[in-house]
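To be precise, the following lines are query.pdb, and they hold PDB, C-alpha atoms.
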```
ATOM      1  CA  ALA A 159    -108.100 -76.220  48.937
ATOM      2  CA  PRO A 160    -105.527 -77.683  46.553
ATOM      3  CA  PRO A 161    -102.297 -75.738  46.016
ATOM      4  CA  LEU A 162    -102.430 -73.047  43.367
ATOM      5  CA  PRO A 163    -100.749 -73.605  40.021
ATOM      6  CA  ILE A 164     -97.036 -72.945  40.401
ATOM      7  CA  ALA A 165     -95.063 -71.570  37.483
ATOM      8  CA  MET A 166     -94.055 -74.447  35.260
ATOM      9  CA  GLY A 167     -90.562 -75.133  34.013
ATOM     10  CA  ARG A 168     -88.819 -74.655  37.365
ATOM     11  CA  GLY A 169     -87.152 -77.224  39.534
ATOM     12  CA  LYS A 170     -89.204 -79.254  41.979
ATOM     13  CA  LYS A 171     -87.362 -77.803  44.944
ATOM     14  CA  GLU A 172     -88.093 -74.228  43.880
ATOM     15  CA  ASN A 173     -91.750 -75.098  43.346
ATOM     16  CA  ALA A 174     -91.937 -76.668  46.794
ATOM     17  CA  ASP A 175     -90.389 -73.572  48.394
ATOM     18  CA  VAL A 176     -92.829 -71.267  46.618
ATOM     19  CA  ALA A 177     -95.781 -73.474  47.561
ATOM     20  CA  LYS A 178     -94.789 -73.371  51.236
ATOM     21  CA  ALA A 179     -94.435 -69.610  51.196
ATOM     22  CA  THR A 180     -97.756 -69.019  49.423
ATOM     23  CA  LYS A 181    -101.022 -69.635  51.211
ATOM     24  CA  PRO A 182    -103.436 -71.321  48.787
ATOM     25  CA  VAL A 183    -106.542 -69.401  47.741
ATOM     26  CA  GLY A 184    -109.394 -71.332  46.142
ATOM     27  CA  LYS A 185    -110.009 -70.488  42.508
ATOM     28  CA  SER A 186    -113.674 -69.754  43.166
ATOM     29  CA  ALA A 187    -112.773 -67.350  45.984
ATOM     30  CA  THR A 188    -110.128 -65.757  43.781
ATOM     31  CA  SER A 189    -112.679 -65.215  40.992
ATOM     32  CA  PHE A 190    -115.192 -63.687  43.412
ATOM     33  CA  ILE A 191    -112.640 -61.335  44.994
ATOM     34  CA  ALA A 192    -111.187 -60.280  41.640
ATOM     35  CA  GLY A 193    -114.632 -59.775  40.086
ATOM     36  CA  SER A 194    -115.994 -57.842  43.072
ATOM     37  CA  THR A 195    -112.962 -55.567  43.183
ATOM     38  CA  ALA A 196    -113.260 -54.807  39.486
ATOM     39  CA  GLY A 197    -117.014 -54.246  39.717
ATOM     40  CA  LEU A 198    -116.766 -51.949  42.743
ATOM     41  CA  VAL A 199    -114.086 -49.700  41.248
ATOM     42  CA  SER A 200    -115.703 -49.370  37.822
ATOM     43  CA  SER A 201    -119.194 -48.818  39.256
ATOM     44  CA  GLY A 202    -118.127 -46.012  41.580
ATOM     45  CA  LEU A 203    -116.171 -44.170  38.909
ATOM     46  CA  LEU A 204    -118.758 -44.493  36.144
ATOM     47  CA  GLN A 205    -122.010 -43.940  38.077
ATOM     48  CA  PRO A 206    -122.731 -40.533  36.444
ATOM     49  CA  LEU A 207    -123.149 -42.245  33.068
ATOM     50  CA  GLU A 208    -125.617 -44.712  34.585
ATOM     51  CA  VAL A 209    -127.656 -41.890  36.150
ATOM     52  CA  VAL A 210    -127.810 -39.987  32.854
ATOM     53  CA  LYS A 211    -128.825 -43.152  30.990
ATOM     54  CA  THR A 212    -131.632 -43.914  33.472
ATOM     55  CA  ARG A 213    -132.993 -40.367  33.293
ATOM     56  CA  MET A 214    -132.973 -40.416  29.484
ATOM     57  CA  GLN A 215    -134.780 -43.764  29.307
ATOM     58  CA  ALA A 216    -137.428 -42.695  31.819
ATOM     59  CA  HIS A 217    -138.401 -39.520  29.926
ATOM     60  CA  ARG A 218    -142.022 -40.646  29.329
ATOM     61  CA  LEU A 219    -142.698 -41.210  33.015
ATOM     62  CA  LYS A 220    -142.566 -37.536  33.961
ATOM     63  CA  ALA A 221    -144.031 -34.565  32.167
ATOM     64  CA  GLY A 222    -141.399 -32.197  30.823
ATOM     65  CA  PHE A 223    -138.671 -34.794  30.449
ATOM     66  CA  SER A 224    -137.986 -34.666  26.719
ATOM     67  CA  ILE A 225    -136.850 -37.571  24.569
ATOM     68  CA  ASN A 226    -134.796 -35.091  22.553
ATOM     69  CA  LYS A 227    -132.450 -34.186  25.371
ATOM     70  CA  SER A 228    -128.927 -35.332  24.683
ATOM     71  CA  ALA A 229    -126.736 -37.039  27.245
ATOM     72  CA  TRP A 230    -124.859 -33.784  27.861
ATOM     73  CA  ALA A 231    -128.093 -31.788  28.229
ATOM     74  CA  THR A 232    -129.476 -34.389  30.637
ATOM     75  CA  ALA A 233    -126.298 -34.313  32.711
ATOM     76  CA  GLY A 234    -126.470 -30.512  32.760
ATOM     77  CA  CYS A 235    -130.053 -30.619  34.047
ATOM     78  CA  VAL A 236    -129.067 -33.028  36.818
ATOM     79  CA  VAL A 237    -126.196 -30.801  37.949
ATOM     80  CA  ARG A 238    -128.341 -27.656  37.742
ATOM     81  CA  ASP A 239    -131.242 -29.099  39.740
ATOM     82  CA  GLU A 240    -129.417 -31.390  42.171
ATOM     83  CA  GLY A 241    -125.785 -30.335  42.182
ATOM     84  CA  ILE A 242    -122.813 -32.467  41.233
ATOM     85  CA  ARG A 243    -123.854 -35.064  43.826
ATOM     86  CA  GLY A 244    -126.938 -35.754  41.723
ATOM     87  CA  LEU A 245    -124.743 -37.520  39.183
ATOM     88  CA  TRP A 246    -123.912 -40.084  41.856
ATOM     89  CA  ALA A 247    -127.527 -40.719  42.866
ATOM     90  CA  GLY A 248    -127.962 -44.352  43.827
ATOM     91  CA  VAL A 249    -124.205 -44.951  43.873
ATOM     92  CA  SER A 250    -124.393 -47.054  47.048
ATOM     93  CA  ALA A 251    -126.934 -49.439  45.520
ATOM     94  CA  SER A 252    -125.023 -49.442  42.244
ATOM     95  CA  CYS A 253    -121.715 -50.306  43.931
ATOM     96  CA  ILE A 254    -123.275 -53.085  46.015
ATOM     97  CA  ARG A 255    -125.165 -54.459  43.018
ATOM     98  CA  THR A 256    -122.200 -54.329  40.652
ATOM     99  CA  ALA A 257    -119.627 -55.602  43.154
ATOM    100  CA  CYS A 258    -121.831 -58.533  44.188
ATOM    101  CA  GLY A 259    -122.991 -59.114  40.624
ATOM    102  CA  ALA A 260    -119.495 -59.106  39.120
ATOM    103  CA  GLY A 261    -118.106 -61.244  41.927
ATOM    104  CA  LEU A 262    -120.917 -63.785  41.634
ATOM    105  CA  TYR A 263    -120.721 -63.765  37.834
ATOM    106  CA  PHE A 264    -116.978 -64.455  37.738
ATOM    107  CA  LEU A 265    -117.309 -67.085  40.473
ATOM    108  CA  LEU A 266    -120.019 -68.905  38.490
ATOM    109  CA  LEU A 267    -118.105 -68.378  35.249
ATOM    110  CA  GLU A 268    -114.951 -69.889  36.720
ATOM    111  CA  ARG A 269    -116.782 -72.875  38.210
ATOM    112  CA  VAL A 270    -118.831 -73.593  35.084
ATOM    113  CA  THR A 271    -115.757 -73.242  32.855
ATOM    114  CA  ARG A 272    -113.663 -75.523  35.070
ATOM    115  CA  GLU A 273    -116.344 -78.200  35.403
ATOM    116  CA  LEU A 274    -117.235 -78.108  31.713
ATOM    117  CA  ASN A 275    -113.592 -78.368  30.660
ATOM    118  CA  ALA A 276    -113.076 -81.294  33.038
ATOM    119  CA  LYS A 277    -116.136 -83.269  31.903
ATOM    120  CA  PHE A 278    -116.288 -82.169  28.268
ATOM    121  CA  PRO A 279    -112.806 -81.057  27.186
ATOM    122  CA  ALA A 280    -112.821 -78.771  24.176
ATOM    123  CA  SER A 281    -111.338 -80.554  21.176
ATOM    124  CA  LYS A 282    -108.608 -78.860  19.171
ATOM    125  CA  ASP A 283    -110.524 -79.969  16.097
ATOM    126  CA  SER A 284    -113.665 -78.091  17.155
ATOM    127  CA  SER A 285    -114.784 -75.404  14.710
ATOM    128  CA  GLN A 286    -114.594 -71.713  15.622
ATOM    129  CA  THR A 287    -118.388 -71.597  15.493
ATOM    130  CA  LEU A 288    -118.761 -74.443  17.990
ATOM    131  CA  GLN A 289    -116.172 -72.951  20.332
ATOM    132  CA  GLY A 290    -117.875 -69.558  20.098
ATOM    133  CA  ALA A 291    -121.283 -71.085  20.862
ATOM    134  CA  ARG A 292    -119.809 -72.908  23.868
ATOM    135  CA  THR A 293    -118.301 -69.680  25.217
ATOM    136  CA  PHE A 294    -121.534 -67.761  24.575
ATOM    137  CA  ALA A 295    -123.586 -70.366  26.464
ATOM    138  CA  ILE A 296    -121.220 -70.311  29.468
ATOM    139  CA  GLY A 297    -121.327 -66.517  29.707
ATOM    140  CA  ALA A 298    -125.102 -66.298  29.246
ATOM    141  CA  ALA A 299    -125.881 -69.021  31.804
ATOM    142  CA  SER A 300    -123.547 -67.589  34.444
ATOM    143  CA  ARG A 301    -124.932 -64.067  34.075
ATOM    144  CA  SER A 302    -128.543 -65.262  34.113
ATOM    145  CA  LEU A 303    -128.049 -66.940  37.488
ATOM    146  CA  ALA A 304    -126.299 -63.897  38.943
ATOM    147  CA  ALA A 305    -128.882 -61.446  37.529
ATOM    148  CA  ALA A 306    -131.845 -63.430  38.869
ATOM    149  CA  MET A 307    -130.336 -63.628  42.362
ATOM    150  CA  LEU A 308    -129.570 -59.901  42.477
ATOM    151  CA  CYS A 309    -132.704 -58.551  40.769
ATOM    152  CA  PRO A 310    -133.967 -56.789  43.954
ATOM    153  CA  LEU A 311    -130.745 -54.750  44.098
ATOM    154  CA  THR A 312    -131.132 -53.857  40.433
ATOM    155  CA  VAL A 313    -134.639 -52.559  41.142
ATOM    156  CA  VAL A 314    -133.363 -50.523  44.099
ATOM    157  CA  LYS A 315    -130.500 -49.089  42.042
ATOM    158  CA  THR A 316    -132.882 -47.961  39.297
ATOM    159  CA  ARG A 317    -135.394 -46.446  41.746
ATOM    160  CA  MET A 318    -132.685 -44.550  43.654
ATOM    161  CA  GLU A 319    -131.218 -43.143  40.430
ATOM    162  CA  TYR A 320    -134.662 -41.756  39.550
ATOM    163  CA  ALA A 321    -135.757 -40.816  43.082
ATOM    164  CA  SER A 322    -135.369 -37.037  42.744
ATOM    165  CA  ILE A 323    -137.786 -36.985  39.794
ATOM    166  CA  SER A 324    -140.254 -39.595  41.053
ATOM    167  CA  GLY A 325    -140.541 -37.794  44.384
ATOM    168  CA  THR A 326    -139.831 -40.935  46.395
ATOM    169  CA  SER A 327    -136.944 -40.661  48.841
ATOM    170  CA  TYR A 328    -134.941 -43.475  50.344
ATOM    171  CA  THR A 329    -132.484 -43.202  53.222
ATOM    172  CA  GLY A 330    -130.367 -46.049  51.920
ATOM    173  CA  VAL A 331    -130.313 -49.410  50.193
ATOM    174  CA  ALA A 332    -131.877 -51.284  53.124
ATOM    175  CA  ASN A 333    -134.657 -48.703  53.419
ATOM    176  CA  ALA A 334    -135.356 -48.921  49.685
ATOM    177  CA  LEU A 335    -135.548 -52.722  49.813
ATOM    178  CA  TYR A 336    -137.943 -52.562  52.769
ATOM    179  CA  THR A 337    -140.106 -49.795  51.249
ATOM    180  CA  ILE A 338    -140.476 -51.469  47.867
ATOM    181  CA  GLY A 339    -141.072 -54.869  49.454
ATOM    182  CA  ALA A 340    -143.709 -53.479  51.839
ATOM    183  CA  LYS A 341    -145.605 -51.598  49.134
ATOM    184  CA  GLU A 342    -145.233 -53.923  46.158
ATOM    185  CA  GLY A 343    -144.269 -57.265  47.645
ATOM    186  CA  VAL A 344    -141.916 -59.796  46.104
ATOM    187  CA  LYS A 345    -143.345 -58.959  42.681
ATOM    188  CA  GLY A 346    -142.068 -55.405  43.002
ATOM    189  CA  LEU A 347    -138.582 -56.519  44.046
ATOM    190  CA  PHE A 348    -138.361 -58.797  41.019
ATOM    191  CA  SER A 349    -140.056 -56.472  38.556
ATOM    192  CA  GLY A 350    -138.373 -56.378  35.185
ATOM    193  CA  LEU A 351    -136.654 -59.726  35.729
ATOM    194  CA  GLY A 352    -137.673 -60.956  32.284
ATOM    195  CA  SER A 353    -136.290 -57.919  30.472
ATOM    196  CA  THR A 354    -133.202 -57.996  32.706
ATOM    197  CA  LEU A 355    -132.456 -61.567  31.633
ATOM    198  CA  LEU A 356    -133.275 -60.672  28.030
ATOM    199  CA  ARG A 357    -130.580 -58.008  28.281
ATOM    200  CA  ASP A 358    -127.974 -59.647  30.508
ATOM    201  CA  ALA A 359    -127.886 -63.184  29.085
ATOM    202  CA  PRO A 360    -127.076 -62.225  25.475
ATOM    203  CA  PHE A 361    -124.873 -59.337  26.625
ATOM    204  CA  SER A 362    -122.675 -61.563  28.755
ATOM    205  CA  GLY A 363    -122.600 -64.325  26.154
ATOM    206  CA  LEU A 364    -121.529 -61.901  23.419
ATOM    207  CA  ASN A 365    -119.153 -60.037  25.747
ATOM    208  CA  LEU A 366    -117.343 -63.190  26.866
ATOM    209  CA  MET A 367    -117.213 -64.613  23.344
ATOM    210  CA  MET A 368    -115.843 -61.411  21.787
ATOM    211  CA  TYR A 369    -113.458 -60.743  24.675
ATOM    212  CA  THR A 370    -112.014 -64.252  24.450
ATOM    213  CA  GLN A 371    -111.500 -63.909  20.718
ATOM    214  CA  MET A 372    -110.051 -60.398  20.980
ATOM    215  CA  ARG A 373    -107.676 -61.465  23.765
ATOM    216  CA  THR A 374    -106.447 -64.287  21.532
ATOM    217  CA  VAL A 375    -105.908 -61.833  18.665
ATOM    218  CA  MET A 376    -104.071 -59.387  20.943
ATOM    219  CA  GLY A 377    -101.922 -62.259  22.202
ATOM    220  CA  GLU A 378    -100.996 -63.163  18.626
ATOM    221  CA  VAL A 379    -100.169 -59.528  17.864
ATOM    222  CA  ALA A 380     -97.982 -59.322  20.969
ATOM    223  CA  ALA A 381     -96.194 -62.544  20.030
ATOM    224  CA  ALA A 382     -95.562 -61.238  16.501
ATOM    225  CA  GLN A 383     -94.034 -58.117  18.027
ATOM    226  CA  GLY A 384     -91.840 -60.200  20.307
ATOM    227  CA  ARG A 385     -93.406 -59.040  23.581
ATOM    228  CA  GLU A 386     -95.652 -60.270  26.366
ATOM    229  CA  THR A 387     -99.359 -59.454  26.463
ATOM    230  CA  THR A 388     -99.846 -56.257  28.494
ATOM    231  CA  SER A 389    -102.661 -54.750  30.529
ATOM    232  CA  MET A 390    -103.338 -52.379  27.620
ATOM    233  CA  ASP A 391    -104.024 -55.388  25.393
ATOM    234  CA  THR A 392    -106.545 -56.642  27.945
ATOM    235  CA  PHE A 393    -108.031 -53.145  28.295
ATOM    236  CA  PHE A 394    -108.539 -52.839  24.540
ATOM    237  CA  ALA A 395    -110.058 -56.318  24.239
ATOM    238  CA  GLY A 396    -112.476 -55.592  27.109
ATOM    239  CA  ALA A 397    -113.437 -52.209  25.667
ATOM    240  CA  PHE A 398    -114.179 -53.623  22.213
ATOM    241  CA  ALA A 399    -116.219 -56.539  23.562
ATOM    242  CA  GLY A 400    -118.125 -54.396  26.050
ATOM    243  CA  GLY A 401    -119.030 -51.671  23.564
ATOM    244  CA  ALA A 402    -120.185 -54.020  20.806
ATOM    245  CA  ALA A 403    -122.226 -56.257  23.133
ATOM    246  CA  THR A 404    -123.856 -53.232  24.791
ATOM    247  CA  PHE A 405    -125.024 -51.714  21.509
ATOM    248  CA  LEU A 406    -126.581 -54.984  20.373
ATOM    249  CA  THR A 407    -128.462 -55.532  23.653
ATOM    250  CA  HIS A 408    -129.599 -51.961  24.431
ATOM    251  CA  PRO A 409    -133.361 -52.247  23.651
ATOM    252  CA  PRO A 410    -134.047 -54.709  26.512
ATOM    253  CA  ASP A 411    -132.378 -52.225  28.890
ATOM    254  CA  VAL A 412    -134.854 -49.525  27.850
ATOM    255  CA  LEU A 413    -137.737 -51.914  28.553
ATOM    256  CA  ARG A 414    -136.217 -52.985  31.902
ATOM    257  CA  THR A 415    -135.942 -49.374  33.072
ATOM    258  CA  ARG A 416    -139.591 -48.617  32.258
ATOM    259  CA  VAL A 417    -140.848 -51.754  34.010
ATOM    260  CA  GLN A 418    -138.735 -51.281  37.137
ATOM    261  CA  LEU A 419    -139.839 -47.663  37.447
ATOM    262  CA  GLY A 420    -143.458 -48.742  37.737
ATOM    263  CA  ARG A 421    -144.697 -49.291  34.176
ATOM    264  CA  PRO A 422    -145.399 -53.061  34.065
ATOM    265  CA  SER A 423    -147.437 -52.666  30.855
ATOM    266  CA  ALA A 424    -144.392 -51.440  28.908
ATOM    267  CA  SER A 425    -143.465 -53.556  25.896
ATOM    268  CA  PHE A 426    -141.322 -53.317  22.778
ATOM    269  CA  VAL A 427    -144.425 -53.045  20.589
ATOM    270  CA  LYS A 428    -145.916 -50.264  22.708
ATOM    271  CA  ILE A 429    -142.677 -48.274  22.805
ATOM    272  CA  VAL A 430    -142.157 -48.528  19.033
ATOM    273  CA  THR A 431    -145.818 -47.752  18.257
ATOM    274  CA  GLU A 432    -145.998 -44.678  20.501
ATOM    275  CA  GLU A 433    -142.452 -43.332  20.178
ATOM    276  CA  GLY A 434    -140.856 -44.905  17.134
ATOM    277  CA  MET A 435    -137.911 -47.264  16.677
ATOM    278  CA  ARG A 436    -135.496 -44.601  17.894
ATOM    279  CA  ALA A 437    -136.912 -44.866  21.412
ATOM    280  CA  LEU A 438    -135.383 -48.341  21.778
ATOM    281  CA  TRP A 439    -131.932 -46.747  21.702
ATOM    282  CA  VAL A 440    -132.642 -43.816  24.041
ATOM    283  CA  GLY A 441    -129.761 -43.472  26.469
ATOM    284  CA  SER A 442    -127.527 -45.667  24.319
ATOM    285  CA  PHE A 443    -124.611 -43.204  24.208
ATOM    286  CA  PRO A 444    -124.010 -42.950  27.990
ATOM    287  CA  ARG A 445    -124.690 -46.671  28.444
ATOM    288  CA  ILE A 446    -122.349 -47.761  25.663
ATOM    289  CA  LEU A 447    -119.662 -45.357  26.904
ATOM    290  CA  ARG A 448    -120.085 -46.615  30.470
ATOM    291  CA  ARG A 449    -120.105 -50.294  29.538
ATOM    292  CA  THR A 450    -117.143 -49.887  27.196
ATOM    293  CA  LEU A 451    -115.045 -48.323  29.948
ATOM    294  CA  GLN A 452    -116.505 -50.612  32.607
ATOM    295  CA  GLN A 453    -115.729 -53.818  30.746
ATOM    296  CA  ALA A 454    -112.243 -52.577  29.864
ATOM    297  CA  MET A 455    -111.591 -51.805  33.543
ATOM    298  CA  THR A 456    -113.341 -54.937  34.798
ATOM    299  CA  TRP A 457    -111.424 -57.399  32.638
ATOM    300  CA  SER A 458    -108.111 -55.601  33.243
ATOM    301  CA  LEU A 459    -108.602 -55.480  37.014
ATOM    302  CA  TYR A 460    -109.999 -59.006  37.136
ATOM    303  CA  GLU A 461    -107.008 -60.503  35.362
ATOM    304  CA  HIS A 462    -104.563 -58.414  37.420
ATOM    305  CA  VAL A 463    -106.097 -59.287  40.795
ATOM    306  CA  ALA A 464    -106.665 -62.935  39.804
ATOM    307  CA  LYS A 465    -103.020 -63.416  38.868
ATOM    308  CA  LEU A 466    -101.885 -61.712  42.083
ATOM    309  CA  LEU A 467    -103.945 -64.246  44.022
ATOM    310  CA  GLY A 468    -102.646 -67.208  42.047
ATOM    311  CA  GLY A 469    -104.790 -67.401  38.931
ATOM    312  CA  THR A 470    -108.124 -68.942  37.950
ATOM    313  CA  SER A 471    -109.411 -71.153  35.147
ATOM    314  CA  LEU A 472    -110.282 -67.962  33.247
ATOM    315  CA  SER A 473    -107.019 -66.165  33.983
ATOM    316  CA  PRO A 474    -104.218 -68.673  34.675
ATOM    317  CA  LYS A 475    -101.133 -67.481  36.512
ATOM    318  CA  ALA A 476     -98.322 -66.669  34.113
ATOM    319  CA  ASP A 477     -95.653 -69.277  33.675
TER     320      ASP A 477
END
```
So, in terms of structure tokens, how does the structure I just supplied come out?
Amino acid sequence: APPLPIAMGRGKKENADVAKATKPVGKSATSFIAGSTAGLVSSGLLQPLEVVKTRMQAHRLKAGFSINKSAWATAGCVVRDEGIRGLWAGVSASCIRTACGAGLYFLLLERVTRELNAKFPASKDSSQTLQGARTFAIGAASRSLAAAMLCPLTVVKTRMEYASISGTSYTGVANALYTIGAKEGVKGLFSGLGSTLLRDAPFSGLNLMMYTQMRTVMGEVAAAQGRETTSMDTFFAGAFAGGAATFLTHPPDVLRTRVQLGRPSASFVKIVTEEGMRALWVGSFPRILRRTLQQAMTWSLYEHVAKLLGGTSLSPKAD
């Protein structure tokens, strides 16, 4: 692997000494490690919100599970019936899925960004709209590839989060993969792939586009205040982008949950006809809260870990 970018503006001798003392880490590997670390930490901490969201979205699949239950009421029911551990149902599958998914996403994002910039350099004269569309396309394409590859883990995560209500028990992620594959075949392991892509592609495109723009704004604010950009600036930019993108792409997540829990006939038209428009935003509060915090943590941790390892095309090492 080529040497990592060394801080510019220093003497050649100093750069040579630093290069000798620092073992090079490939940018793709750096992106994967940084993304996986961020995904693992955020997923483990925020799993209760994902469990509550899944239970709220799956209300029609089990008698007695009311659409009118709030996030707090749903969480209370989980704790009452299953104990505090119930809020971390499916956490193993969630951590594996999110760590692998985030790592793969950032790896693909870094590679696509680097290759695209090398072959089709962005012009300084390009309009904001064109630059935004370019960023959106990169984020959407990278996430689509990662989501398609990891769809079986997404199915397992959803099933394990709902296991106590569905009555199906799994001893672990491997057992869940085997059980679903044996009973439902490859189709079962990739159920809900269409709605997953319908959710993840626009979410990641919007998230990356808004995060990039917000990070630029925060950088300008920091410069105006005569200071360096801080981790809090990154945290705020990630939170804003994550929350806004999540709200706009929530309906496909409702559909994905229904399909992956064994309702292949679910559709937007059917949900709206039978339950009203409001049903498309069931579980939006815990999901938006989780994604807001998750994206804030993910981007902050990603940039921190990436710079510790030498930087990437997305997060260059500071000069």
Name all residues at most 12 Å from Val417 (chain A) (count all atoms listed in the file; drop same-chain ones fewer than 5 positions away) and give them as a PyMOL selection string. chain A and resi 215-216+219+312-313+316-317+345-354+410-412+422-426+429
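Atom pair CA of Val331 (chain A) / CA of Ala305 (chain A): separated by 17.5 Å.
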| task | Compute the distance from (-121.7, -44.3, 29.7) to each atom, counting all atoms listed in the file, keep the residues with any atom at most 9 Å away, and return them as an MDAnalysis selection string; use the coordinates of the file. | result | chainID A and resid 204:208 210:211 441:452
Using only C-alpha atoms, the best pick from A:Gly259, A:Ala291, A:Ala340, A:Ala276 as closest to Leu308 (chain A) would be A:Gly259
Using the chain letters and residue numbers of this document, give as number ranges by chain the residues selected by the PyMOL selection byres ((chain A and resi 192) around 10). A: 186-191, 193-197, 257, 260-261, 264-265, 456-457, 459-467, 469-470
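Counting only C-alpha atoms, the residue from A:Leu335, A:Val236, A:Met455, A:Leu245 that sits nearest to Thr392 (chain A) is A:Met455.
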_Residue among A:Met390, A:Ala304, A:Met372, A:Ala321 lying closest to Asp358 (chain A), counting all atoms listed in the file_ =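 Under the stated criterion, the closest residue is A:Ala304.
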Inset, instruction - For the structure provided, state which residues fall under the PyMOL selection byres ((chain A and resi 364) around 10), and present them as a ChimeraX atom specification. - result: /A:290-291,293-295,297-298,358-363,365-370,399-400,402-404,406-407
Compare A:Met318, A:Arg357, A:Ser458, A:Val270 by their minimum atom-to-atom distance to Thr387 (chain A), counting only C-alpha atoms, and give me the closest one.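 Going through A:Met318, A:Arg357, A:Ser458, A:Val270 one by one, the smallest distance to Thr387 (chain A) is for A:Ser458.
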Draw an axis-aligned box tight on the listed atoms of region 290-297 of chain A, then pad every side by 3 Å and write out centre and edge lengths in Å to one decimal as JSON.
```
{"center_x": -120.7, "center_y": -69.7, "center_z": 24.9, "size_x": 11.7, "size_y": 12.4, "size_z": 15.6}
```
Which residue is closest to Ala397 (chain A)? Choose from A:Gly343, A:Lys315, A:Arg373, A:Glu378 and count all atoms listed in the file.
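So, comparing all the options, the nearest one is A:Arg373.
CA of Cys253 (chain A) is found 13.7 Å from CA of Ala332 (chain A).
Taking CA of Ser300 (chain A) and CA of Leu267 (chain A) as the two end points, the separation is 5.6 Å.
Among the candidate residues A:Ile338, A:Ala299, A:Ala382, A:Val430, the one lying nearest to Val314 (chain A) is A:Ile338, with distances computed using only C-alpha atoms.
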